[in-house]
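Here is the file model.cif (mmCIF, C-alpha atoms).
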data_input
#
loop_
_atom_site.group_PDB
_atom_site.id
_atom_site.type_symbol
_atom_site.label_atom_id
_atom_site.label_comp_id
_atom_site.auth_asym_id
_atom_site.auth_seq_id
_atom_site.Cartn_x
_atom_site.Cartn_y
_atom_site.Cartn_z
ATOM 1 C CA MET K 10 -52.655 15.799 17.317
ATOM 2 C CA LYS K 11 -54.685 14.176 20.098
ATOM 3 C CA GLY K 12 -53.216 12.148 22.960
ATOM 4 C CA ILE K 13 -54.669 9.110 24.734
ATOM 5 C CA ILE K 14 -53.475 7.536 27.979
ATOM 6 C CA LEU K 15 -54.869 4.035 28.458
ATOM 7 C CA ALA K 16 -54.564 3.542 32.187
ATOM 8 C CA GLY K 17 -56.706 0.432 32.655
ATOM 9 C CA GLY K 18 -56.450 -3.180 31.662
ATOM 10 C CA LYS K 19 -53.389 -4.315 33.614
ATOM 11 C CA GLY K 20 -54.424 -3.626 37.202
ATOM 12 C CA SER K 21 -54.908 -7.326 37.966
ATOM 13 C CA ARG K 22 -51.137 -7.799 37.758
ATOM 14 C CA LEU K 23 -50.851 -5.543 40.811
ATOM 15 C CA TYR K 24 -53.371 -7.453 42.929
ATOM 16 C CA PRO K 25 -53.755 -7.101 45.916
ATOM 17 C CA MET K 26 -52.010 -3.691 45.782
ATOM 18 C CA THR K 27 -54.837 -2.152 43.795
ATOM 19 C CA MET K 28 -57.324 -3.269 46.422
ATOM 20 C CA ALA K 29 -55.743 -0.813 48.859
ATOM 21 C CA VAL K 30 -54.994 2.167 46.614
ATOM 22 C CA SER K 31 -56.153 3.226 43.176
ATOM 23 C CA LYS K 32 -53.551 2.554 40.528
ATOM 24 C CA PRO K 33 -53.027 6.231 39.552
ATOM 25 C CA LEU K 34 -52.001 7.022 43.109
ATOM 26 C CA ILE K 35 -49.356 4.283 43.275
ATOM 27 C CA PRO K 36 -46.091 6.238 43.383
ATOM 28 C CA ILE K 37 -43.088 5.609 41.171
ATOM 29 C CA TYR K 38 -40.522 6.982 43.594
ATOM 30 C CA ASP K 39 -41.803 10.542 44.219
ATOM 31 C CA LYS K 40 -44.637 10.947 41.692
ATOM 32 C CA PRO K 41 -47.905 9.259 40.784
ATOM 33 C CA MET K 42 -47.531 6.635 38.078
ATOM 34 C CA VAL K 43 -49.666 8.667 35.672
ATOM 35 C CA TYR K 44 -47.137 11.526 35.596
ATOM 36 C CA TYR K 45 -44.770 9.407 33.492
ATOM 37 C CA PRO K 46 -46.996 8.795 30.429
ATOM 38 C CA LEU K 47 -48.456 12.296 30.770
ATOM 39 C CA SER K 48 -44.965 13.753 30.550
ATOM 40 C CA VAL K 49 -44.285 11.907 27.287
ATOM 41 C CA LEU K 50 -47.379 13.452 25.694
ATOM 42 C CA LEU K 51 -46.276 16.874 26.958
ATOM 43 C CA ARG K 52 -42.835 16.417 25.412
ATOM 44 C CA ALA K 53 -44.538 15.544 22.124
ATOM 45 C CA GLY K 54 -46.313 18.911 22.276
ATOM 46 C CA ILE K 55 -49.765 17.342 22.684
ATOM 47 C CA ARG K 56 -52.244 19.488 24.607
ATOM 48 C CA GLU K 57 -55.572 17.661 24.130
ATOM 49 C CA ILE K 58 -55.609 14.401 26.065
ATOM 50 C CA MET K 59 -58.164 11.750 26.949
ATOM 51 C CA LEU K 60 -57.377 9.455 29.851
ATOM 52 C CA ILE K 61 -59.207 6.110 29.652
ATOM 53 C CA THR K 62 -59.514 3.952 32.742
ATOM 54 C CA ALA K 63 -61.796 1.611 34.663
ATOM 55 C CA PRO K 64 -64.975 3.126 36.184
ATOM 56 C CA ALA K 65 -63.682 2.830 39.758
ATOM 57 C CA ASP K 66 -60.556 4.893 39.012
ATOM 58 C CA VAL K 67 -61.961 7.855 37.077
ATOM 59 C CA GLU K 68 -62.423 10.096 40.100
ATOM 60 C CA SER K 69 -58.987 9.210 41.454
ATOM 61 C CA TYR K 70 -57.390 10.361 38.217
ATOM 62 C CA ARG K 71 -59.582 13.456 38.162
ATOM 63 C CA ARG K 72 -58.378 14.391 41.670
ATOM 64 C CA VAL K 73 -54.763 14.070 40.530
ATOM 65 C CA LEU K 74 -54.965 15.765 37.120
ATOM 66 C CA GLY K 75 -58.195 17.763 37.093
ATOM 67 C CA ASP K 76 -59.064 19.269 33.727
ATOM 68 C CA GLY K 77 -55.386 19.664 32.818
ATOM 69 C CA SER K 78 -55.311 23.470 33.178
ATOM 70 C CA ARG K 79 -52.559 23.132 35.793
ATOM 71 C CA TYR K 80 -50.297 22.086 32.904
ATOM 72 C CA GLY K 81 -51.843 24.221 30.178
ATOM 73 C CA LEU K 82 -53.698 21.194 28.825
ATOM 74 C CA SER K 83 -57.233 20.007 28.231
ATOM 75 C CA ILE K 84 -57.802 16.591 29.831
ATOM 76 C CA THR K 85 -61.029 14.637 29.457
ATOM 77 C CA TYR K 86 -61.874 11.181 30.738
ATOM 78 C CA GLY K 87 -63.151 8.005 29.127
ATOM 79 C CA VAL K 88 -64.275 4.757 30.707
ATOM 80 C CA GLN K 89 -63.350 1.221 29.699
ATOM 81 C CA TYR K 90 -66.023 -0.841 31.426
ATOM 82 C CA VAL K 91 -64.509 -4.163 30.332
ATOM 83 C CA ALA K 92 -60.834 -4.807 29.623
ATOM 84 C CA ARG K 93 -61.264 -5.455 25.891
ATOM 85 C CA GLY K 94 -57.697 -4.779 24.833
ATOM 86 C CA ILE K 95 -55.491 -1.826 23.962
ATOM 87 C CA ALA K 96 -57.039 -1.187 20.543
ATOM 88 C CA ASP K 97 -60.421 -0.737 22.247
ATOM 89 C CA ALA K 98 -59.146 2.701 23.276
ATOM 90 C CA PHE K 99 -59.792 3.973 19.742
ATOM 91 C CA LEU K 100 -63.438 2.926 19.886
ATOM 92 C CA ILE K 101 -63.906 4.603 23.265
ATOM 93 C CA ALA K 102 -62.151 7.767 22.085
ATOM 94 C CA GLU K 103 -63.740 7.959 18.623
ATOM 95 C CA ASP K 104 -65.546 11.261 19.236
ATOM 96 C CA PHE K 105 -62.517 12.709 21.004
ATOM 97 C CA ILE K 106 -60.129 11.782 18.164
ATOM 98 C CA ALA K 107 -62.567 13.120 15.550
ATOM 99 C CA GLY K 108 -60.527 11.826 12.625
ATOM 100 C CA GLU K 109 -57.281 13.529 13.697
ATOM 101 C CA ARG K 110 -53.852 12.004 14.134
ATOM 102 C CA CYS K 111 -53.290 10.638 17.625
ATOM 103 C CA CYS K 112 -50.764 9.205 20.029
ATOM 104 C CA LEU K 113 -51.611 6.354 22.396
ATOM 105 C CA ILE K 114 -49.474 5.610 25.443
ATOM 106 C CA LEU K 115 -50.060 2.976 28.098
ATOM 107 C CA GLY K 116 -50.485 4.307 31.610
ATOM 108 C CA ASP K 117 -47.845 2.087 33.174
ATOM 109 C CA ASN K 118 -44.962 2.757 30.759
ATOM 110 C CA LEU K 119 -41.962 4.951 31.612
ATOM 111 C CA PHE K 120 -39.629 6.366 28.955
ATOM 112 C CA HIS K 121 -36.492 8.394 29.598
ATOM 113 C CA GLY K 122 -33.402 9.323 27.636
ATOM 114 C CA ALA K 123 -31.741 11.975 25.504
ATOM 115 C CA GLN K 124 -33.092 10.356 22.323
ATOM 116 C CA LEU K 125 -36.729 10.656 23.399
ATOM 117 C CA LYS K 126 -37.194 14.208 22.098
ATOM 118 C CA SER K 127 -36.009 13.357 18.576
ATOM 119 C CA LEU K 128 -38.041 10.131 18.492
ATOM 120 C CA LEU K 129 -41.214 11.972 19.415
ATOM 121 C CA ALA K 130 -40.504 14.740 16.891
ATOM 122 C CA ALA K 131 -40.015 12.230 14.066
ATOM 123 C CA ALA K 132 -43.265 10.433 14.917
ATOM 124 C CA CYS K 133 -45.230 13.689 15.194
ATOM 125 C CA GLU K 134 -43.957 14.961 11.847
ATOM 126 C CA ARG K 135 -45.106 11.835 9.992
ATOM 127 C CA GLN K 136 -48.491 12.702 8.534
ATOM 128 C CA ALA K 137 -49.536 9.295 7.196
ATOM 129 C CA GLY K 138 -49.465 5.778 8.598
ATOM 130 C CA ALA K 139 -48.528 4.457 12.009
ATOM 131 C CA THR K 140 -45.285 4.702 13.964
ATOM 132 C CA VAL K 141 -44.196 2.141 16.539
ATOM 133 C CA PHE K 142 -40.896 1.881 18.385
ATOM 134 C CA GLY K 143 -38.402 -0.926 18.656
ATOM 135 C CA TYR K 144 -36.612 -1.474 21.960
ATOM 136 C CA PRO K 145 -33.882 -4.156 22.244
ATOM 137 C CA VAL K 146 -34.577 -6.682 24.998
ATOM 138 C CA LYS K 147 -32.816 -9.843 26.111
ATOM 139 C CA ASP K 148 -35.904 -12.057 25.789
ATOM 140 C CA PRO K 149 -38.556 -10.602 23.449
ATOM 141 C CA ARG K 150 -40.969 -13.543 23.713
ATOM 142 C CA ALA K 151 -43.133 -11.726 26.276
ATOM 143 C CA TYR K 152 -43.776 -8.761 23.985
ATOM 144 C CA GLY K 153 -44.974 -7.717 20.585
ATOM 145 C CA VAL K 154 -41.935 -8.112 18.352
ATOM 146 C CA VAL K 155 -41.122 -6.135 15.206
ATOM 147 C CA GLU K 156 -38.984 -7.417 12.338
ATOM 148 C CA PHE K 157 -37.501 -4.984 9.835
ATOM 149 C CA ASP K 158 -34.896 -4.845 7.085
ATOM 150 C CA ASP K 159 -31.646 -2.873 6.981
ATOM 151 C CA SER K 160 -33.438 0.219 5.671
ATOM 152 C CA GLY K 161 -35.877 0.226 8.612
ATOM 153 C CA LYS K 162 -38.826 -1.097 6.597
ATOM 154 C CA VAL K 163 -41.103 -3.242 8.763
ATOM 155 C CA LEU K 164 -41.391 -6.835 7.539
ATOM 156 C CA SER K 165 -43.558 -8.327 10.282
ATOM 157 C CA ILE K 166 -44.964 -7.720 13.730
ATOM 158 C CA GLU K 167 -46.013 -10.551 16.045
ATOM 159 C CA GLU K 168 -47.570 -10.739 19.514
ATOM 160 C CA LYS K 169 -45.553 -12.825 21.998
ATOM 161 C CA PRO K 170 -43.924 -15.126 19.401
ATOM 162 C CA LYS K 171 -42.328 -18.384 20.556
ATOM 163 C CA GLU K 172 -39.531 -17.830 18.052
ATOM 164 C CA PRO K 173 -38.955 -14.064 17.746
ATOM 165 C CA LYS K 174 -37.640 -12.782 14.428
ATOM 166 C CA SER K 175 -35.746 -9.964 16.126
ATOM 167 C CA ARG K 176 -34.799 -8.803 19.617
ATOM 168 C CA TYR K 177 -36.822 -5.597 19.275
ATOM 169 C CA ALA K 178 -39.912 -5.412 21.470
ATOM 170 C CA VAL K 179 -42.660 -2.876 20.779
ATOM 171 C CA PRO K 180 -43.197 -0.677 23.875
ATOM 172 C CA GLY K 181 -46.523 0.904 24.800
ATOM 173 C CA LEU K 182 -46.221 4.099 22.747
ATOM 174 C CA TYR K 183 -47.890 4.380 19.344
ATOM 175 C CA PHE K 184 -48.617 7.137 16.806
ATOM 176 C CA TYR K 185 -51.417 6.877 14.224
ATOM 177 C CA ASP K 186 -52.915 8.857 11.400
ATOM 178 C CA GLY K 187 -56.609 9.674 11.073
ATOM 179 C CA ASP K 188 -57.500 6.128 9.949
ATOM 180 C CA ALA K 189 -56.890 4.496 13.333
ATOM 181 C CA VAL K 190 -60.502 4.472 14.525
ATOM 182 C CA GLU K 191 -61.939 3.044 11.314
ATOM 183 C CA LEU K 192 -59.282 0.344 11.188
ATOM 184 C CA ALA K 193 -59.857 -0.504 14.854
ATOM 185 C CA LYS K 194 -63.516 -1.092 14.017
ATOM 186 C CA THR K 195 -62.530 -3.854 11.600
ATOM 187 C CA LEU K 196 -60.624 -5.875 14.207
ATOM 188 C CA THR K 197 -61.964 -9.099 15.671
ATOM 189 C CA PRO K 198 -61.143 -10.178 19.238
ATOM 190 C CA SER K 199 -58.165 -12.466 19.697
ATOM 191 C CA ALA K 200 -58.262 -15.867 21.402
ATOM 192 C CA ARG K 201 -58.092 -14.100 24.762
ATOM 193 C CA GLY K 202 -61.074 -11.930 23.859
ATOM 194 C CA GLU K 203 -59.204 -8.665 23.308
ATOM 195 C CA LEU K 204 -58.787 -6.181 20.475
ATOM 196 C CA GLU K 205 -55.021 -6.449 20.127
ATOM 197 C CA ILE K 206 -52.893 -3.419 19.329
ATOM 198 C CA THR K 207 -50.665 -5.740 17.318
ATOM 199 C CA SER K 208 -53.652 -6.547 15.086
ATOM 200 C CA LEU K 209 -54.148 -2.834 14.405
ATOM 201 C CA ASN K 210 -50.464 -2.449 13.606
ATOM 202 C CA GLU K 211 -50.711 -5.413 11.234
ATOM 203 C CA GLU K 212 -53.498 -3.624 9.355
ATOM 204 C CA TYR K 213 -51.176 -0.675 8.814
ATOM 205 C CA LEU K 214 -48.406 -3.068 7.775
ATOM 206 C CA LYS K 215 -50.659 -4.641 5.123
ATOM 207 C CA ARG K 216 -51.125 -1.163 3.665
ATOM 208 C CA GLY K 217 -47.398 -0.463 3.708
ATOM 209 C CA LYS K 218 -47.895 2.294 6.272
ATOM 210 C CA LEU K 219 -46.220 0.960 9.418
ATOM 211 C CA HIS K 220 -42.984 2.682 10.406
ATOM 212 C CA VAL K 221 -40.524 1.820 13.160
ATOM 213 C CA GLU K 222 -38.251 4.143 15.123
ATOM 214 C CA LEU K 223 -35.492 2.368 17.037
ATOM 215 C CA MET K 224 -34.686 3.256 20.623
ATOM 216 C CA GLU K 225 -30.943 3.164 20.923
ATOM 217 C CA ARG K 226 -28.530 2.425 23.759
ATOM 218 C CA GLY K 227 -29.103 4.910 26.570
ATOM 219 C CA MET K 228 -32.888 5.018 26.218
ATOM 220 C CA ALA K 229 -34.807 3.585 29.140
ATOM 221 C CA TRP K 230 -38.177 1.856 28.815
ATOM 222 C CA LEU K 231 -39.712 0.468 32.001
ATOM 223 C CA ASP K 232 -43.065 -1.275 32.431
ATOM 224 C CA THR K 233 -44.511 -0.519 35.872
ATOM 225 C CA GLY K 234 -47.447 -2.909 35.590
ATOM 226 C CA THR K 235 -46.053 -5.370 38.151
ATOM 227 C CA PRO K 236 -44.693 -4.971 41.716
ATOM 228 C CA GLU K 237 -41.216 -5.816 40.391
ATOM 229 C CA GLY K 238 -41.608 -3.241 37.651
ATOM 230 C CA ILE K 239 -42.639 -0.567 40.148
ATOM 231 C CA LEU K 240 -39.604 -1.301 42.313
ATOM 232 C CA ASN K 241 -37.192 -1.248 39.361
ATOM 233 C CA ALA K 242 -38.653 1.993 38.021
ATOM 234 C CA ALA K 243 -38.546 3.680 41.440
ATOM 235 C CA GLN K 244 -34.887 2.739 41.878
ATOM 236 C CA PHE K 245 -34.078 4.049 38.388
ATOM 237 C CA VAL K 246 -35.823 7.384 38.966
ATOM 238 C CA GLU K 247 -34.216 7.833 42.380
ATOM 239 C CA ALA K 248 -30.735 7.123 41.039
ATOM 240 C CA VAL K 249 -31.021 9.546 38.097
ATOM 241 C CA GLN K 250 -32.638 12.367 40.072
ATOM 242 C CA THR K 251 -30.237 12.075 43.000
ATOM 243 C CA ARG K 252 -27.165 12.041 40.778
ATOM 244 C CA GLN K 253 -28.222 14.752 38.313
ATOM 245 C CA GLY K 254 -30.445 16.961 40.454
ATOM 246 C CA LEU K 255 -32.952 16.977 37.578
ATOM 247 C CA TYR K 256 -36.431 15.489 37.791
ATOM 248 C CA ILE K 257 -37.775 12.764 35.523
ATOM 249 C CA ALA K 258 -41.394 13.233 34.391
ATOM 250 C CA CYS K 259 -42.167 16.521 36.103
ATOM 251 C CA PRO K 260 -45.199 17.682 34.080
ATOM 252 C CA GLU K 261 -45.143 21.249 35.411
ATOM 253 C CA GLU K 262 -41.519 21.650 34.320
ATOM 254 C CA ILE K 263 -42.155 20.224 30.850
ATOM 255 C CA ALA K 264 -45.296 22.348 30.391
ATOM 256 C CA TRP K 265 -43.237 25.427 31.300
ATOM 257 C CA GLN K 266 -40.425 24.446 28.901
ATOM 258 C CA GLN K 267 -42.988 23.934 26.135
ATOM 259 C CA GLY K 268 -44.537 27.334 26.755
ATOM 260 C CA PHE K 269 -47.875 25.850 27.869
ATOM 261 C CA ILE K 270 -47.605 27.729 31.182
ATOM 262 C CA ASP K 271 -45.661 30.915 31.993
ATOM 263 C CA ASP K 272 -43.298 31.880 34.811
ATOM 264 C CA ALA K 273 -46.110 33.219 36.988
ATOM 265 C CA HIS K 274 -48.096 29.990 36.683
ATOM 266 C CA LEU K 275 -45.058 27.872 37.538
ATOM 267 C CA ALA K 276 -44.247 30.122 40.508
ATOM 268 C CA LYS K 277 -47.812 29.796 41.783
ATOM 269 C CA ILE K 278 -47.632 25.999 41.720
ATOM 270 C CA GLY K 279 -44.170 26.027 43.276
ATOM 271 C CA ASN K 280 -45.299 28.256 46.128
ATOM 272 C CA GLU K 281 -48.302 26.037 46.786
ATOM 273 C CA LEU K 282 -45.858 23.143 47.264
ATOM 274 C CA LYS K 283 -42.909 25.071 48.722
ATOM 275 C CA MET K 284 -42.838 22.931 51.868
ATOM 276 C CA THR K 285 -41.933 19.923 49.719
ATOM 277 C CA GLU K 286 -38.812 19.091 47.702
ATOM 278 C CA TYR K 287 -41.006 18.952 44.611
ATOM 279 C CA GLY K 288 -42.201 22.527 45.099
ATOM 280 C CA GLN K 289 -38.693 23.748 45.857
ATOM 281 C CA TYR K 290 -37.502 22.133 42.634
ATOM 282 C CA LEU K 291 -40.165 23.973 40.632
ATOM 283 C CA LEU K 292 -39.182 27.291 42.175
ATOM 284 C CA SER K 293 -35.498 26.603 41.500
ATOM 285 C CA LEU K 294 -36.245 26.361 37.776
ATOM 286 C CA LEU K 295 -37.122 30.074 37.775
ATOM 287 C CA GLU K 296 -33.740 30.956 39.306
ATOM 288 C CA LYS K 297 -31.649 29.416 36.516
#

Please express the file's structure as structure tokens.
Amino acid sequence: MKGIILAGGKGSRLYPMTMAVSKPLIPIYDKPMVYYPLSVLLRAGIREIMLITAPADVESYRRVLGDGSRYGLSITYGVQYVARGIADAFLIAEDFIAGERCCLILGDNLFHGAQLKSLLAAACERQAGATVFGYPVKDPRAYGVVEFDDSGKVLSIEEKPKEPKSRYAVPGLYFYDGDAVELAKTLTPSARGELEITSLNEEYLKRGKLHVELMERGMAWLDTGTPEGILNAAQFVEAVQTRQGLYIACPEEIAWQQGFIDDAHLAKIGNELKMTEYGQYLLSLLEK
């Protein structure tokens, strides 16, 4: 399975912050924003990743992540020259996907919780169709909203409905089979000139191949695409890490747990950063 991080398209909501620092370098508490979606792909066991971003940010991401070998991954880069919508990622990444199943995650989404591992496993095991997630929110009108029956069968999916048919928003994490690129090619731009991810999901729904996995109480989903979102996410990460002594979205740790890197590799990274709390945390993992 291939992984895609779409890290462009929402930077304008951070203006003028993004005028001073590239979006990938904006920290969410103690880590770059990009570590959070990257960590989700790592937990899903995905090792081939394409990061798609605006032309001005490619080198910033490359400085942070390199070719992915630090984490036992292969990371390549794609460019979205114009913000043409989330589904445009499949057109940009067509050669990279090469007809395989893929996972798309938005670069400003943070997921955390004990249920995450089982949710990712269920989505990865599904060979056909698309899998989206349903997250209960107080006011779903600002999101894509999924409606489903008691058995979990999806009945409808709508983008920012005025009268939502459920309280379940669709967060920025999607799994697709090998048909995603060809279906994305059939989409027409919406009224705002974008290839909507909801439109792609509707195509799967028409074919009876759209599945939903519900995120239950205790799962956290945070959108860091606004200054308020960044602040809320930073406070959440700080509170959890300080209380538990365990890091959220530490890609080196997850890569080590997944067997992508060995003890010696983790120790090397930890020693390079041993003057920081982050490096000391990595080294402490080898002592347990």

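One distance worth recording is that between atom CA of K:Lys171 and atom CA of K:Arg150, which is 5.9 Å.
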
(request) Rank K:Gly143, K:Pro260, K:Gly217, K:Gly87 by their smallest atom-to-atom distance to K:Glu68, using only C-alpha atoms, and report the top residue only. (result) K:Gly87

(request) To verify the selection step, state as a PyMOL selection string which residues the PyMOL selection byres ((chain K and resi 289) around 12) yields on this input. (result) chain K and resi 254+256+275-288+290-296

(message) Can you spell out as a PyMOL selection string the set of residues that the PyMOL selection byres ((chain K and resi 104) around 12) selects in the structure I just provided?
(response) chain K and resi 11+59+85+87+98-103+105-109+190-191

(message) Can you translate the PyMOL selection byres ((chain K and resi 172-178) around 6) into the concrete residues it hits in this file, as a list in words?
(response)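 The output of the PyMOL selection byres ((chain K and resi 172-178) around 6) on this file is Gly143, Tyr144, Pro145, Val146, Pro149, Tyr152, Gly153, Val154, Val155, Glu156, Pro170, Lys171 and Val179 of chain K.
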
(request) Could you please determine the separation between atom CA of K:Thr140 and atom CA of K:Tyr183 in Å, to one decimal place? (result)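 Calculated distance between atom CA of K:Thr140 and atom CA of K:Tyr183 is 6.0 Å.
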
Sorted per-residue table, stretch 205-269 of chain K near stretch 39-55 of chain K, closest atoms and distance, 8 Å, only C-alpha atoms, as JSON lines:
{"residue": "K:Ala258", "atom": "CA", "partner": "K:Tyr45", "partner_atom": "CA", "distance": 5.2}
{"residue": "K:Cys259", "atom": "CA", "partner": "K:Ser48", "partner_atom": "CA", "distance": 6.8}
{"residue": "K:Pro260", "atom": "CA", "partner": "K:Ser48", "partner_atom": "CA", "distance": 5.3}
{"residue": "K:Ile263", "atom": "CA", "partner": "K:Leu51", "partner_atom": "CA", "distance": 6.6}
{"residue": "K:Ala264", "atom": "CA", "partner": "K:Leu51", "partner_atom": "CA", "distance": 6.5}
{"residue": "K:Gln267", "atom": "CA", "partner": "K:Gly54", "partner_atom": "CA", "distance": 7.2}

(request) Compare K:Pro180, K:Gly187, K:Pro198, K:Gly138 by their minimum atom-to-atom distance to K:Trp230, counting only C-alpha atoms, and give me the closest one. (result) K:Pro180

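Minimum atom-to-atom distance to K:Glu168, evaluated using all atoms listed in the file, belongs to K:Ser208 out of K:Gln136, K:Thr197, K:Ser208, K:Gln250.
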
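Going from atom CA of K:Asp271 to atom CA of K:Asp76 covers 17.8 Å.
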
Would you mind completing stretch 123-131 of chain K so that it carries all heavy atoms, and writing it out as a JSON list (two decimals), keeping the file's coordinate frame?
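Just written: result-v3.json:
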[["chain", "number", "residue", "atom", "x", "y", "z"],
["K", 123, "ALA", "N", -32.02, 10.82, 26.35],
["K", 123, "ALA", "CA", -31.74, 11.98, 25.50],
["K", 123, "ALA", "C", -32.35, 11.82, 24.12],
["K", 123, "ALA", "O", -32.66, 12.82, 23.45],
["K", 123, "ALA", "CB", -30.23, 12.17, 25.39],
["K", 124, "GLN", "N", -32.56, 10.59, 23.67],
["K", 124, "GLN", "CA", -33.09, 10.36, 22.32],
["K", 124, "GLN", "C", -34.60, 10.57, 22.25],
["K", 124, "GLN", "O", -35.16, 10.69, 21.15],
["K", 124, "GLN", "CB", -32.76, 8.92, 21.88],
["K", 124, "GLN", "CG", -33.05, 8.63, 20.42],
["K", 124, "GLN", "CD", -33.04, 7.14, 20.11],
["K", 124, "GLN", "OE1", -32.96, 6.30, 20.99],
["K", 124, "GLN", "NE2", -33.11, 6.82, 18.82],
["K", 125, "LEU", "N", -35.27, 10.62, 23.39],
["K", 125, "LEU", "CA", -36.73, 10.66, 23.40],
["K", 125, "LEU", "C", -37.28, 11.84, 22.61],
["K", 125, "LEU", "O", -38.24, 11.70, 21.84],
["K", 125, "LEU", "CB", -37.25, 10.69, 24.84],
["K", 125, "LEU", "CG", -38.77, 10.67, 25.00],
["K", 125, "LEU", "CD1", -39.37, 9.42, 24.37],
["K", 125, "LEU", "CD2", -39.15, 10.76, 26.49],
["K", 126, "LYS", "N", -36.69, 13.01, 22.78],
["K", 126, "LYS", "CA", -37.19, 14.21, 22.10],
["K", 126, "LYS", "C", -37.19, 14.04, 20.59],
["K", 126, "LYS", "O", -38.17, 14.36, 19.90],
["K", 126, "LYS", "CB", -36.36, 15.42, 22.50],
["K", 126, "LYS", "CG", -36.85, 16.74, 21.90],
["K", 126, "LYS", "CD", -36.03, 17.91, 22.39],
["K", 126, "LYS", "CE", -36.53, 19.23, 21.81],
["K", 126, "LYS", "NZ", -35.72, 20.39, 22.30],
["K", 127, "SER", "N", -36.09, 13.52, 20.03],
["K", 127, "SER", "CA", -36.01, 13.36, 18.58],
["K", 127, "SER", "C", -36.94, 12.25, 18.08],
["K", 127, "SER", "O", -37.51, 12.35, 16.99],
["K", 127, "SER", "CB", -34.57, 13.06, 18.16],
["K", 127, "SER", "OG", -34.10, 11.86, 18.73],
["K", 128, "LEU", "N", -37.12, 11.21, 18.87],
["K", 128, "LEU", "CA", -38.04, 10.13, 18.49],
["K", 128, "LEU", "C", -39.48, 10.64, 18.41],
["K", 128, "LEU", "O", -40.21, 10.34, 17.46],
["K", 128, "LEU", "CB", -37.96, 8.99, 19.51],
["K", 128, "LEU", "CG", -36.71, 8.12, 19.49],
["K", 128, "LEU", "CD1", -36.71, 7.17, 20.68],
["K", 128, "LEU", "CD2", -36.60, 7.33, 18.19],
["K", 129, "LEU", "N", -39.86, 11.43, 19.40],
["K", 129, "LEU", "CA", -41.21, 11.97, 19.42],
["K", 129, "LEU", "C", -41.42, 12.95, 18.26],
["K", 129, "LEU", "O", -42.47, 12.96, 17.62],
["K", 129, "LEU", "CB", -41.48, 12.67, 20.75],
["K", 129, "LEU", "CG", -41.52, 11.77, 21.98],
["K", 129, "LEU", "CD1", -41.64, 12.61, 23.25],
["K", 129, "LEU", "CD2", -42.65, 10.76, 21.91],
["K", 130, "ALA", "N", -40.40, 13.76, 17.98],
["K", 130, "ALA", "CA", -40.50, 14.74, 16.89],
["K", 130, "ALA", "C", -40.68, 14.04, 15.55],
["K", 130, "ALA", "O", -41.51, 14.44, 14.72],
["K", 130, "ALA", "CB", -39.27, 15.63, 16.87],
["K", 131, "ALA", "N", -39.92, 12.96, 15.33],
["K", 131, "ALA", "CA", -40.02, 12.23, 14.07],
["K", 131, "ALA", "C", -41.40, 11.62, 13.89],
["K", 131, "ALA", "O", -41.98, 11.65, 12.80],
["K", 131, "ALA", "CB", -38.94, 11.14, 14.01]]
